[in-house]
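Novice: Sharing protein-v3.txt (compact mmCIF, C-alpha atoms) below.
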# COMPACT_ATOMS: atom_id res chain seq x y z
CA HIS E 183 17.52 15.99 -23.79
CA PHE E 184 16.60 19.66 -23.93
CA THR E 185 13.45 21.79 -23.60
CA ARG E 186 12.40 24.55 -25.97
CA THR E 187 9.41 26.91 -25.92
CA GLU E 188 7.73 27.35 -29.31
CA LYS E 189 4.72 29.66 -29.66
CA LYS E 190 3.98 29.46 -25.93
CA THR E 191 4.18 25.66 -26.06
CA LYS E 192 6.91 23.95 -24.08
CA LYS E 193 8.39 20.93 -25.86
CA THR E 194 11.03 18.46 -24.70
CA TYR E 195 13.33 16.85 -27.27
CA PHE E 196 15.44 13.69 -26.92
CA ALA E 197 18.67 12.98 -28.78
CA MET E 198 19.80 9.34 -28.87
CA THR E 199 23.20 8.06 -29.90
CA ASN E 200 24.56 4.73 -31.10
CA CYS E 201 25.17 2.35 -28.20
CA LEU E 202 27.07 -0.29 -30.19
CA THR E 203 30.42 1.19 -31.18
CA ASP E 204 32.37 -2.09 -31.35
CA PRO E 205 32.57 -3.72 -34.82
CA GLY E 206 31.81 -7.09 -33.18
CA PRO E 207 30.98 -9.85 -33.59
CA TYR E 208 28.72 -9.69 -30.55
CA LYS E 209 28.41 -12.71 -28.30
CA LYS E 210 25.00 -11.56 -27.08
CA ILE E 211 22.64 -8.67 -27.72
CA TYR E 212 19.56 -8.41 -25.50
CA ASP E 213 16.47 -6.19 -25.50
CA LEU E 214 15.49 -6.17 -21.82
CA LYS E 215 12.50 -4.52 -20.15
CA GLY E 216 12.48 -6.62 -16.99
CA CYS E 217 9.25 -8.33 -18.04
CA ALA E 218 7.75 -10.95 -20.34
CA ASP E 219 8.75 -8.95 -23.42
CA ASP E 220 12.49 -9.55 -22.87
CA LYS E 221 14.23 -11.09 -25.88
CA LEU E 222 17.59 -12.21 -27.23
CA LEU E 223 18.40 -10.35 -30.47
CA THR E 224 21.81 -11.80 -31.34
CA ASP E 225 23.48 -15.04 -30.25
CA LYS E 226 27.15 -15.73 -31.06
CA GLY E 227 27.12 -13.21 -33.87
CA ASN E 228 23.92 -14.50 -35.46
CA ARG E 229 20.64 -12.61 -35.58
CA VAL E 230 17.83 -14.42 -33.73
CA PRO E 231 14.65 -14.44 -35.87
CA GLU E 232 11.56 -12.94 -34.22
CA VAL E 233 8.61 -15.28 -34.71
CA HIS E 234 5.67 -14.00 -32.63
CA LYS E 235 2.39 -15.68 -31.88
CA ARG E 236 -0.48 -13.74 -33.38
CA VAL E 237 -4.19 -14.54 -33.61
CA TRP E 238 -3.92 -14.75 -37.39
CA LYS E 239 -1.04 -17.26 -37.17
CA ALA E 240 -3.01 -20.26 -35.95
CA HIS E 241 -0.23 -22.76 -36.73
CA LEU E 242 2.01 -21.18 -34.07
CA TRP E 243 -0.54 -21.95 -31.34
CA CYS E 244 -0.27 -25.68 -31.97
CA GLY E 245 3.52 -25.89 -31.92
CA CYS E 246 4.09 -25.76 -35.68
CA GLY E 247 6.51 -22.85 -35.82
CA GLY E 248 9.53 -24.80 -36.97
CA SER E 249 13.17 -24.22 -36.05
CA SER E 250 12.95 -20.41 -36.25
CA ARG E 251 10.15 -20.35 -33.70
CA SER E 252 12.06 -22.76 -31.45
CA THR E 253 15.21 -20.60 -31.61
CA TYR E 254 13.19 -17.48 -30.79
CA LEU E 255 11.54 -19.15 -27.77
CA LYS E 256 14.88 -20.37 -26.41
CA GLY E 257 16.23 -16.84 -26.72
CA LYS E 258 13.26 -15.38 -24.85
CA ILE E 259 13.61 -17.93 -22.05
CA GLU E 260 17.29 -17.05 -21.72
CA ALA E 261 16.54 -13.32 -21.67
CA LEU E 262 13.76 -13.82 -19.11
CA HIS E 263 15.61 -16.13 -16.73
CA SER E 264 19.37 -16.05 -17.27
CA PRO E 265 20.64 -13.04 -19.25
CA ASP E 266 24.42 -12.90 -19.59
CA LEU E 267 24.87 -9.80 -17.38
CA LEU E 268 28.34 -9.93 -15.87
CA MET E 269 30.45 -7.02 -14.57
CA THR E 270 32.36 -5.75 -11.53
CA LYS E 271 30.64 -4.46 -8.40
CA ASP E 272 31.74 -0.87 -9.10
CA GLN E 273 30.42 -1.10 -12.65
CA LYS E 274 27.09 -2.39 -11.43
CA ASN E 275 26.84 0.52 -8.98
CA LEU E 276 27.54 2.98 -11.82
CA LEU E 277 25.02 1.28 -14.10
CA MET E 278 22.29 1.18 -11.44
CA LYS E 279 22.88 4.86 -10.69
CA ALA E 280 22.36 5.65 -14.39
CA ILE E 281 19.28 3.40 -14.62
CA ARG E 282 17.67 5.03 -11.58
CA SER E 283 18.34 8.48 -13.01
CA ASP E 284 16.89 7.57 -16.41
CA CYS E 285 13.85 5.87 -14.88
CA ALA E 286 13.15 8.90 -12.67
CA PHE E 287 13.25 11.07 -15.80
CA MET E 288 10.89 8.74 -17.71
CA LYS E 289 8.53 8.57 -14.76
CA LYS E 290 8.45 12.38 -14.51
CA TYR E 291 7.31 12.70 -18.13
CA GLY E 292 4.91 9.75 -18.00
CA LEU E 293 6.94 7.54 -20.35
CA MET E 294 7.12 3.74 -20.46
CA ASP E 295 7.88 0.78 -22.75
CA TYR E 296 11.61 1.53 -22.89
CA SER E 297 14.29 -1.17 -22.87
CA LEU E 298 17.87 -1.66 -21.78
CA LEU E 299 19.94 -2.69 -24.77
CA VAL E 300 22.77 -4.94 -23.55
CA ALA E 301 25.49 -6.09 -25.96
CA VAL E 302 28.41 -8.32 -25.00
CA VAL E 303 31.73 -8.73 -26.82
CA GLU E 304 34.38 -11.20 -25.64
CA LYS E 305 37.88 -11.24 -27.10
CA ASP E 306 41.32 -12.49 -26.16
CA VAL E 307 43.25 -9.97 -24.07
CA THR E 308 45.89 -8.13 -26.13
CA GLU E 309 48.43 -5.38 -25.53
CA GLU E 310 46.02 -3.02 -27.32
CA SER E 311 43.43 -3.48 -24.57
CA THR E 312 43.60 -0.07 -22.90
CA THR E 313 40.28 0.28 -21.09
CA SER E 314 40.44 -0.90 -17.49
CA PRO E 315 37.44 -1.40 -15.18
CA ALA E 316 38.59 1.52 -13.03
CA SER E 317 38.87 3.95 -15.97
CA VAL E 318 35.10 4.32 -16.40
CA SER E 319 33.63 6.86 -13.95
CA GLU E 320 30.11 6.89 -15.39
CA VAL E 321 28.00 4.85 -17.78
CA GLN E 322 27.74 6.38 -21.24
CA ALA E 323 26.27 5.02 -24.46
CA GLY E 324 29.04 3.62 -26.64
CA THR E 325 31.55 3.33 -23.77
CA PRO E 326 32.00 -0.30 -22.68
CA LEU E 327 32.07 -1.68 -19.16
CA LEU E 328 35.17 -3.85 -19.29
CA CYS E 329 36.22 -6.80 -17.15
CA THR E 330 38.14 -10.06 -17.45
CA VAL E 331 36.12 -13.27 -17.16
CA LYS E 332 37.29 -16.62 -15.79
CA ASP E 333 38.59 -17.96 -19.11
CA GLY E 334 40.94 -14.97 -19.34
CA LYS E 335 39.01 -13.21 -22.07
CA GLU E 336 38.31 -9.50 -22.10
CA ARG E 337 34.59 -8.76 -21.85
CA LYS E 338 33.05 -5.52 -23.06
CA THR E 339 29.46 -4.80 -22.11
CA TYR E 340 27.67 -2.00 -23.94
CA VAL E 341 24.43 -0.68 -22.46
CA GLY E 342 21.89 2.01 -23.25
CA VAL E 343 18.22 2.81 -22.72
CA ILE E 344 16.47 2.56 -26.09
CA ASP E 345 13.09 2.17 -27.83
CA PHE E 346 10.19 4.35 -28.81
CA LEU E 347 9.26 6.48 -25.80
CA GLN E 348 5.53 6.08 -25.34
CA GLN E 349 3.24 7.95 -22.97
CA TRP E 350 0.63 6.25 -20.82
CA GLY E 351 -2.52 7.19 -22.71
CA PHE E 352 -5.90 5.76 -23.66
CA GLY E 353 -4.40 3.30 -26.18
CA LYS E 354 -2.01 1.85 -23.59
CA LYS E 355 -4.84 1.47 -21.07
CA ILE E 356 -6.85 -0.48 -23.63
CA ALA E 357 -3.82 -2.65 -24.41
CA LYS E 358 -3.39 -3.38 -20.70
CA GLY E 359 -6.98 -4.63 -20.56
CA ILE E 360 -6.56 -6.80 -23.66
CA LYS E 361 -3.51 -8.44 -22.08
CA ILE E 362 -5.41 -9.27 -18.88
CA PHE E 363 -4.13 -12.87 -18.83
CA GLU E 364 -0.49 -11.92 -19.43
CA ARG E 365 1.52 -11.84 -16.22
CA ASN E 366 4.36 -9.34 -15.88
CA LYS E 367 3.43 -7.56 -19.11
CA ALA E 368 5.17 -4.47 -20.49
CA THR E 369 1.95 -2.44 -20.60
CA ILE E 370 1.76 -0.95 -17.10
CA PRO E 371 1.71 2.68 -15.85
CA PRO E 372 5.04 4.60 -15.89
CA PRO E 373 5.60 4.64 -12.08
CA LYS E 374 5.22 0.87 -11.84
CA TYR E 375 7.22 0.35 -15.04
CA ALA E 376 10.14 2.37 -13.67
CA GLU E 377 10.06 0.60 -10.29
CA ARG E 378 10.06 -2.85 -11.89
CA PHE E 379 12.83 -1.85 -14.32
CA VAL E 380 15.17 -0.80 -11.51
CA ASP E 381 14.34 -3.80 -9.33
CA HIS E 382 14.88 -6.29 -12.15
CA PHE E 383 18.41 -5.21 -12.99
CA GLU E 384 19.37 -4.83 -9.35
CA LYS E 385 18.62 -8.55 -8.95
CA SER E 386 19.79 -9.86 -12.33
CA ILE E 387 23.36 -8.57 -12.69
CA LEU E 388 26.16 -10.97 -11.69
CA LEU E 389 29.53 -9.81 -10.32
CA VAL E 390 32.93 -11.13 -11.43
CA ASP E 391 34.64 -9.88 -8.25
CA GLU E 392 32.12 -11.13 -5.67
CA GLY E 393 32.76 -14.84 -5.29
CA ASP E 394 31.68 -17.90 -7.25
CA ILE E 395 29.53 -17.07 -10.29
CA ASN E 396 27.65 -20.38 -10.12
CA LYS E 397 26.57 -19.62 -6.55
CA GLN E 398 25.40 -16.18 -7.66
CA ILE E 399 23.40 -17.77 -10.48
CA ALA E 400 21.82 -20.23 -8.02
CA ALA E 401 20.92 -17.37 -5.68
CA ARG E 402 19.43 -15.38 -8.57
CA ASP E 403 17.35 -18.36 -9.67
CA LYS E 404 15.82 -18.63 -6.20
CA ILE E 405 14.48 -15.08 -6.37
CA ASN E 406 10.75 -15.15 -7.02
CA LEU E 407 10.77 -12.64 -9.85
CA PRO E 408 7.25 -12.20 -11.33
CA HIS E 409 8.11 -13.64 -14.73
CA ARG E 410 9.33 -16.89 -13.16
CA CYS E 411 5.81 -18.02 -12.29
CA PHE E 412 3.49 -16.58 -14.93
CA PRO E 413 0.83 -18.89 -16.40
CA PHE E 414 0.29 -16.89 -19.59
CA VAL E 415 2.81 -14.91 -21.61
CA ARG E 416 2.96 -13.48 -25.11
CA LEU E 417 5.85 -15.41 -26.61
Let me see the structure of the file written as structure tokens.
Specialist:
Amino acid sequence: HFTRTEKKTKKTYFAMTNCLTDPGPYKKIYDLKGCADDKLLTDKGNRVPEVHKRVWKAHLWCGCGGSSRSTYLKGKIEALHSPDLLMTKDQKNLLMKAIRSDCAFMKKYGLMDYSLLVAVVEKDVTEESTTSPASVSEVQAGTPLLCTVKDGKERKTYVGVIDFLQQWGFGKKIAKGIKIFERNKATIPPPKYAERFVDHFEKSILLVDEGDINKQIAARDKINLPHRCFPFVRL
């Protein structure tokens, strides 16, 4: 980002780059906010259709959404409860450092509603595999976090903060009121949004070099994250 003064008005500009530099196919692509709006975008190379409930789509409220709706719901449940976030401990530390820095920046400028785009590629290890876990000193868009998973495959995880950057204004306050029955909603003030964002990924990322993955998953599932007990959610 950079700041420029134009006619006595100070403006801040953001430049975003492409996070997904691998040709794929992608095993998983997630859009994660750390709340009830989390979703699975791609599963095993296939785009997951987005079929939202809306007041003008009465048939969706009585379970008549068909296979596309069912696939979308399964993807949301996965993104909410068990996203495929797997990396080394050092990589997690680097990622959390970047997330905290970005969230502090967003909080400073009163911005919210951003997401962490997470894309996973898994391929057989080859002699052309040159990126090692230790070769990445900071998290950058388009640069993968690489590790080897238990089946011997090379895993590349691409991450980046994305989405339309929205300020907390009158419209967002009205939206928050309309969603009064939605627990763990995306529409909350920037300070709380940033705090939840950091906390969510601190608890959700699994480590390939810290013991049994299944035990880590069980421990993660015991954490009483807000979205694990909501009675109402916009799915």
Novice: Between E:Leu347, E:Val302, E:Ile259, E:Ile211, single out the one closest to Pro372 of chain E, counting all atoms listed in the file.
Specialist: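 Nearest candidate to Pro372 of chain E out of E:Leu347, E:Val302, E:Ile259, E:Ile211: E:Leu347.
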Novice: For the atom pair atom CA of Leu299 of chain E and atom CA of Lys332 of chain E, what is the interatomic distance in Å to one decimal place?
Specialist: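 For atom CA of Leu299 of chain E relative to atom CA of Lys332 of chain E, the distance reads 24.0 Å.
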Novice: Please indicate the distance in Å from atom CA of Met294 of chain E to atom CA of Pro371 of chain E, rounded to one decimal place.
Specialist: 7.2 Å
Novice: Kindly give the distance, in Å, that separates atom CA of Pro207 of chain E and atom CA of Leu222 of chain E, rounded to a single decimal.
Specialist: 15.0 Å
Novice: Can you pull out every residue within 12 Å of Asp391 of chain E, counting all atoms listed in the file, but drop anything in the same chain fewer than 6 positions away, and send it as a ChimeraX atom specification?
Specialist: /E:268-274,315,329-332,398
Novice: Next, dump the selected residues to file, keeping only C-alpha atoms, as a short mmCIF file (atom, residue, chain, number, x, y, z; two decimals), in the frame of the given file.
Specialist:
data_model
loop_
_atom_site.label_atom_id
_atom_site.label_comp_id
_atom_site.auth_asym_id
_atom_site.auth_seq_id
_atom_site.Cartn_x
_atom_site.Cartn_y
_atom_site.Cartn_z
CA LEU E 268 28.34 -9.93 -15.87
CA MET E 269 30.45 -7.02 -14.57
CA THR E 270 32.36 -5.75 -11.53
CA LYS E 271 30.64 -4.46 -8.40
CA ASP E 272 31.74 -0.87 -9.10
CA GLN E 273 30.42 -1.10 -12.65
CA LYS E 274 27.09 -2.39 -11.43
CA PRO E 315 37.44 -1.40 -15.18
CA CYS E 329 36.22 -6.80 -17.15
CA THR E 330 38.14 -10.06 -17.45
CA VAL E 331 36.12 -13.27 -17.16
CA LYS E 332 37.29 -16.62 -15.79
CA GLN E 398 25.40 -16.18 -7.66
#
